[in-house]
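Structure data follow from structure.cif (mmCIF, C-alpha atoms):
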data_upload
loop_
_atom_site.label_atom_id
_atom_site.label_comp_id
_atom_site.auth_asym_id
_atom_site.auth_seq_id
_atom_site.Cartn_x
_atom_site.Cartn_y
_atom_site.Cartn_z
CA MET A 17 121.82 -19.74 0.74
CA ASN A 18 121.20 -16.01 1.12
CA ASN A 19 121.79 -13.47 -1.61
CA ARG A 20 121.88 -9.71 -2.25
CA LEU A 21 119.97 -9.88 -5.53
CA ARG A 22 117.03 -7.70 -4.46
CA GLU A 23 119.37 -5.07 -2.99
CA LEU A 24 121.49 -4.99 -6.17
CA ARG A 25 118.44 -4.85 -8.43
CA GLU A 26 116.89 -2.01 -6.48
CA THR A 27 120.19 -0.11 -6.55
CA GLN A 28 120.00 -0.25 -10.35
CA GLY A 29 116.36 0.83 -10.26
CA TRP A 30 115.21 -2.25 -12.19
CA SER A 31 111.94 -4.08 -11.79
CA GLN A 32 111.93 -7.87 -11.43
CA GLY A 33 110.66 -8.08 -15.00
CA GLU A 34 113.51 -5.94 -16.32
CA LEU A 35 116.11 -8.01 -14.49
CA ALA A 36 114.44 -11.21 -15.75
CA GLU A 37 114.63 -9.93 -19.32
CA GLN A 38 118.34 -9.11 -19.00
CA LEU A 39 119.09 -12.53 -17.55
CA GLY A 40 116.89 -14.39 -20.04
CA VAL A 41 114.73 -15.98 -17.33
CA SER A 42 111.12 -15.61 -16.19
CA ARG A 43 109.99 -13.08 -13.58
CA GLN A 44 108.97 -15.96 -11.31
CA THR A 45 112.56 -17.20 -11.35
CA VAL A 46 113.89 -13.78 -10.30
CA ASN A 47 111.30 -13.65 -7.52
CA ALA A 48 112.21 -17.17 -6.33
CA LEU A 49 115.90 -16.25 -6.34
CA GLU A 50 115.32 -13.04 -4.37
CA THR A 51 113.21 -14.77 -1.73
CA GLY A 52 115.81 -17.55 -1.40
CA LYS A 53 113.34 -20.25 -2.44
CA TYR A 54 115.47 -21.29 -5.38
CA ASP A 55 119.26 -21.46 -5.71
CA PRO A 56 120.52 -20.76 -9.25
CA SER A 57 122.66 -23.07 -11.34
CA LEU A 58 126.31 -22.12 -11.69
CA PRO A 59 125.86 -20.66 -15.24
CA LEU A 60 122.97 -18.45 -14.06
CA ALA A 61 124.91 -17.36 -10.98
CA PHE A 62 127.80 -16.36 -13.27
CA ARG A 63 125.42 -14.41 -15.53
CA ILE A 64 124.04 -12.57 -12.50
CA ALA A 65 127.55 -11.80 -11.23
CA ALA A 66 128.62 -10.54 -14.66
CA LEU A 67 125.51 -8.36 -14.98
CA PHE A 68 126.19 -6.62 -11.66
CA GLY A 69 129.96 -6.62 -12.14
CA GLN A 70 130.62 -8.41 -8.85
CA ALA A 71 132.14 -11.71 -7.75
CA ILE A 72 129.67 -14.56 -7.19
CA GLU A 73 130.61 -14.88 -3.51
CA ARG A 74 129.74 -11.20 -2.94
CA ILE A 75 126.19 -11.80 -4.25
CA PHE A 76 125.44 -15.33 -3.02
CA LEU A 77 126.26 -15.91 0.63
CA TYR A 78 126.61 -19.51 1.69
CA GLU A 79 125.48 -20.20 5.23
CA GLY A 80 126.63 -23.72 6.00
CA MET B 23 99.85 -6.25 -30.25
CA ALA B 24 97.04 -8.06 -32.04
CA THR B 25 98.03 -11.44 -30.60
CA THR B 26 97.99 -10.08 -27.07
CA SER B 27 94.56 -8.47 -27.43
CA VAL B 28 93.03 -11.57 -29.03
CA LEU B 29 94.42 -13.77 -26.25
CA SER B 30 93.70 -11.38 -23.37
CA ARG B 31 92.56 -12.92 -20.10
CA GLY B 32 88.94 -11.84 -20.68
CA ASN B 33 88.82 -13.24 -24.22
CA ARG B 34 90.41 -16.46 -23.11
CA LEU B 35 87.93 -16.85 -20.26
CA ARG B 36 85.00 -16.22 -22.59
CA ALA B 37 86.34 -18.73 -25.14
CA LEU B 38 86.94 -21.35 -22.43
CA THR B 39 83.44 -20.88 -21.02
CA VAL B 40 81.78 -21.18 -24.43
CA ILE B 41 83.77 -24.29 -25.41
CA ALA B 42 83.23 -25.91 -22.00
CA ALA B 43 79.48 -25.19 -22.15
CA VAL B 44 79.20 -26.59 -25.70
CA LEU B 45 81.09 -29.74 -24.70
CA ALA B 46 79.06 -30.27 -21.55
CA LEU B 47 75.83 -29.68 -23.49
CA ALA B 48 76.97 -32.17 -26.12
CA ALA B 49 76.83 -34.85 -23.44
CA TYR B 50 73.09 -34.15 -23.10
CA VAL B 51 72.36 -34.50 -26.82
CA PRO B 52 71.22 -38.16 -26.48
CA ALA B 53 68.67 -37.07 -23.87
CA LEU B 54 67.19 -34.72 -26.48
CA GLY B 55 66.78 -37.64 -28.85
CA TRP B 56 69.28 -36.43 -31.45
CA PRO B 57 71.19 -38.08 -32.95
CA THR B 58 69.53 -41.33 -32.06
CA ARG B 59 72.76 -43.35 -31.88
CA TYR B 60 75.07 -41.30 -29.70
CA HIS B 61 77.88 -43.35 -28.23
CA GLU B 62 78.34 -43.14 -24.45
CA PHE B 63 82.09 -42.95 -25.03
CA THR B 64 81.60 -39.66 -26.93
CA ALA B 65 79.31 -38.36 -24.18
CA GLY B 66 81.94 -39.23 -21.55
CA LEU B 67 84.58 -37.54 -23.65
CA ALA B 68 82.48 -34.39 -23.94
CA TRP B 69 81.92 -34.37 -20.17
CA GLY B 70 85.62 -34.93 -19.47
CA MET B 71 86.83 -32.18 -21.79
CA GLY B 72 84.08 -29.77 -20.73
CA GLY B 73 84.92 -30.41 -17.07
CA ALA B 74 88.65 -29.93 -17.64
CA LEU B 75 88.07 -26.65 -19.48
CA LEU B 76 85.74 -25.44 -16.73
CA LEU B 77 88.46 -26.25 -14.19
CA VAL B 78 91.01 -24.22 -16.19
CA GLY B 79 88.49 -21.37 -16.53
CA ALA B 80 87.85 -21.41 -12.77
CA LEU B 81 91.58 -21.28 -12.06
CA HIS B 82 91.98 -18.34 -14.48
CA TRP B 83 89.14 -16.53 -12.77
CA TRP B 84 89.77 -17.16 -9.07
CA CYS B 85 93.45 -18.14 -8.76
CA PRO B 86 95.39 -16.63 -11.70
CA GLN B 87 98.48 -16.47 -9.46
CA TRP B 88 98.59 -20.30 -9.51
CA LEU B 89 99.03 -20.32 -13.29
CA PRO B 90 102.07 -19.17 -15.31
CA ASP B 91 102.63 -15.40 -15.04
CA GLU B 92 100.75 -13.70 -17.91
CA GLU B 93 102.70 -10.47 -17.53
CA ASP B 94 105.92 -12.33 -18.22
CA SER B 95 106.51 -11.86 -21.97
CA ARG B 96 109.08 -14.68 -22.14
CA GLN B 97 106.74 -17.14 -20.43
CA ARG B 98 103.81 -16.04 -22.61
CA GLN B 99 105.78 -16.48 -25.84
CA LEU B 100 106.96 -19.92 -24.73
CA GLY B 101 103.42 -20.97 -23.84
CA LEU B 102 101.98 -19.72 -27.14
CA ARG B 103 104.64 -21.49 -29.16
CA TYR B 104 104.09 -24.70 -27.24
CA LEU B 105 100.37 -24.53 -28.06
CA ARG B 106 101.14 -23.83 -31.72
CA ASP B 107 103.65 -26.69 -31.89
CA ALA B 108 101.43 -29.18 -30.06
CA ALA B 109 98.14 -28.24 -31.80
CA PRO B 110 98.40 -30.63 -34.81
CA GLY B 111 99.16 -33.58 -32.50
CA LEU B 112 96.34 -32.62 -30.13
CA LEU B 113 93.88 -32.29 -33.02
CA ILE B 114 94.80 -35.71 -34.46
CA TYR B 115 94.46 -37.25 -30.98
CA LEU B 116 91.07 -35.57 -30.47
CA ALA B 117 89.80 -36.55 -33.93
CA LEU B 118 90.74 -40.19 -33.28
CA LEU B 119 89.01 -40.18 -29.90
CA LEU B 120 85.84 -38.76 -31.47
CA ALA B 121 85.97 -41.17 -34.40
CA ALA B 122 86.76 -44.25 -32.26
CA PRO B 123 83.11 -45.31 -31.56
CA TRP B 124 82.16 -44.94 -35.23
CA LEU B 125 85.27 -46.86 -36.35
CA ALA B 126 84.50 -49.64 -33.85
CA ALA B 127 80.98 -49.96 -35.30
CA HIS B 128 82.13 -49.70 -38.95
CA PRO B 129 85.61 -51.25 -39.08
CA PRO B 130 87.57 -50.16 -42.15
CA PRO B 131 89.83 -52.53 -44.16
CA THR B 132 92.67 -54.05 -42.12
CA TRP B 133 95.42 -51.99 -43.76
CA LEU B 134 93.54 -48.75 -43.03
CA LEU B 135 92.80 -49.84 -39.47
CA PHE B 136 96.50 -50.56 -39.00
CA LEU B 137 97.38 -47.05 -40.21
CA LEU B 138 94.72 -45.51 -37.95
CA CYS B 139 96.10 -47.42 -34.94
CA LEU B 140 99.52 -45.93 -35.65
CA LEU B 141 98.16 -42.37 -35.81
CA PRO B 142 97.99 -41.88 -31.99
CA LEU B 143 101.71 -42.69 -31.83
CA PHE B 144 102.33 -40.05 -34.48
CA ALA B 145 100.14 -37.54 -32.60
CA LEU B 146 101.82 -38.25 -29.26
CA GLY B 147 105.24 -38.03 -30.94
CA TRP B 148 104.29 -34.60 -32.26
CA MET B 149 103.23 -33.47 -28.77
CA LEU B 150 106.40 -34.95 -27.30
CA ARG B 151 108.46 -32.92 -29.76
CA ALA B 152 106.58 -29.74 -28.74
CA ALA B 153 107.07 -30.53 -25.04
CA LEU B 154 110.80 -31.19 -25.47
CA ARG B 155 111.21 -27.93 -27.39
CA TYR B 156 109.34 -26.09 -24.61
CA LEU B 157 111.58 -27.68 -21.96
CA ALA B 158 114.73 -26.86 -23.91
CA GLU B 159 113.83 -23.18 -24.10
CA ALA B 160 112.24 -22.70 -20.66
CA ASP B 161 114.46 -21.21 -17.99
CA GLU B 162 115.93 -23.47 -15.34
CA LEU B 163 113.24 -22.98 -12.66
CA GLN B 164 110.38 -23.46 -15.14
CA ARG B 165 112.11 -26.58 -16.45
CA LYS B 166 112.48 -27.90 -12.90
CA ILE B 167 108.77 -27.28 -12.21
CA GLU B 168 107.67 -28.95 -15.47
CA LEU B 169 109.91 -31.99 -15.03
CA GLU B 170 108.95 -32.47 -11.38
CA SER B 171 105.24 -32.19 -12.21
CA CYS B 172 105.65 -34.76 -15.03
CA ALA B 173 107.49 -37.13 -12.66
CA ILE B 174 104.81 -36.73 -9.97
CA ALA B 175 102.02 -37.31 -12.52
CA ALA B 176 103.68 -40.44 -13.93
CA LEU B 177 104.25 -41.94 -10.46
CA VAL B 178 100.82 -41.02 -9.04
CA VAL B 179 98.88 -42.32 -12.05
CA ALA B 180 100.98 -45.50 -12.20
CA GLN B 181 100.32 -46.13 -8.49
CA LEU B 182 96.60 -45.41 -8.89
CA TYR B 183 96.35 -47.83 -11.79
CA PHE B 184 98.32 -50.48 -9.91
CA GLY B 185 96.08 -49.99 -6.86
CA ALA B 186 92.98 -50.25 -9.05
CA TRP B 187 94.36 -53.44 -10.65
CA ILE B 188 94.84 -55.03 -7.20
CA MET B 189 91.31 -54.03 -6.14
CA GLN B 190 89.88 -55.37 -9.39
CA ARG B 191 91.88 -58.61 -8.98
CA PHE B 192 90.24 -59.19 -5.59
CA GLY B 193 86.82 -58.23 -6.87
CA LEU B 194 86.49 -55.00 -4.86
CA ILE B 195 85.84 -52.90 -7.95
CA HIS B 196 85.03 -53.55 -11.56
CA LEU B 197 86.39 -51.12 -14.15
CA ASP B 198 85.97 -51.44 -17.88
CA ALA B 199 89.50 -51.89 -19.31
CA ASP B 200 88.59 -50.00 -22.48
CA ALA B 201 87.53 -46.87 -20.54
CA ALA B 202 90.43 -47.20 -18.07
CA MET B 203 92.99 -47.22 -20.91
CA ALA B 204 91.35 -44.24 -22.61
CA TRP B 205 91.60 -42.22 -19.36
CA VAL B 206 95.36 -42.76 -18.75
CA PHE B 207 96.41 -39.70 -20.75
CA ALA B 208 93.68 -37.49 -19.22
CA CYS B 209 94.63 -38.61 -15.68
CA ILE B 210 98.30 -37.83 -16.28
CA MET B 211 97.44 -34.35 -17.60
CA LEU B 212 95.13 -33.67 -14.64
CA VAL B 213 97.66 -34.75 -11.99
CA ARG B 214 100.40 -32.87 -13.85
CA LEU B 215 98.30 -29.68 -13.74
CA ALA B 216 97.69 -30.08 -9.99
CA ALA B 217 101.38 -30.83 -9.34
CA SER B 218 102.58 -27.84 -11.37
CA ILE B 219 100.18 -25.54 -9.47
CA TRP B 220 101.51 -26.87 -6.16
CA LEU B 221 105.16 -26.49 -7.26
CA ARG B 222 104.58 -23.00 -8.68
CA ARG B 223 103.10 -21.89 -5.35
CA LYS B 224 106.08 -23.43 -3.55
CA TYR B 225 108.46 -21.11 -5.42
CA GLN B 226 106.33 -17.96 -5.13
#
Mind turning this structure into structure tokens?
Amino acid sequence: MNNRLRELRETQGWSQGELAEQLGVSRQTVNALETGKYDPSLPLAFRIAALFGQAIERIFLYEG
Amino acid sequence: MATTSVLSRGNRLRALTVIAAVLALAAYVPALGWPTRYHEFTAGLAWGMGGALLLVGALHWWCPQWLPDEEDSRQRQLGLRYLRDAAPGLLIYLALLLAAPWLAAHPPPTWLLFLLCLLPLFALGWMLRAALRYLAEADELQRKIELESCAIAALVVAQLYFGAWIMQRFGLIHLDADAAMAWVFACIMLVRLAASIWLRRKYQ
């Protein structure tokens, strides 16, 4: 699954650490999400969507 | 913050090196002739703990990226609290290991021995409580890494012990059951450390 997390974070001018703090996760988790090595749980995906004010499917792009 | 400066990477490395050196040196005490009756179990324990601390020190020094991110305040707080929560259990466990040879040579009354035999369960229960609290408050990726490393450690050590039992059964090796049982916990911790390093790198 691809995602636009890095692009959205950089648009806000946040570091990985700052985004991690806002989401209540570790910096490693944000890094793993951005590089596509880890897919978030549904609750975390909703928190990310709410933080950026976008729909989940506009941030996480499923490539079946 | 005071806590951060006390537990800085440099201070931690220095503390680890000193403790590891003292433990490793303790294993040589019998060779110096003092004390005269120094149990080989205690010497092995000193070697094991000294070696493990040296391994952690080496990882801190050469491969800090393999260990939990120190710049991550959330991760650091979780780790510190886990250590604080688990410390009493660890200390009881350590004290019992150190006292075991002396207790074997000077057995206390049965009722006291019974209580002492229950203490490791209490200590491990305390550590289990700390570990469960850590898992409950870790974020989902950290929790996945910790649980997977625990599962790998349990399976690997169980298979190693089963393999060793088969080899012993057919007379290929001969291991002392007393020492083998004492090393179960250490083996699980060692394999768990290696597995968590591997998994952490996988998600980097």
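Distances from A:Gln28, A:Asn18, A:Thr45, A:Gln70 to chain B were compared using all atoms listed in the file, and the smallest one belongs to A:Thr45.
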query: If we count only C-alpha atoms, what is near Ile64 in chain A at a cut-off of 12 Å, once residues fewer than 6 positions away on the same chain are taken out, given as an NGL selection string?
result: :A and (19-22 or 24-25 or 35-41 or 46 or 49-50 or 56-58 or 70-76)
- request: Give me, please, the distance in Å between CA of Val213 in chain B and CA of Ala180 in chain B, quoted to one decimal.
  value: 11.3 Å
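Between CA of Arg165 in chain B and CA of Leu100 in chain B there is a distance of 11.8 Å.
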Coordinates-based distance that separates CA of Thr39 in chain B from CA of Leu76 in chain B (Å, one decimal): 6.7 Å
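Minimum atom-to-atom distance to chain B, evaluated using all atoms listed in the file, belongs to A:Arg43 out of A:Leu77, A:Arg43, A:Arg63, A:Phe68.
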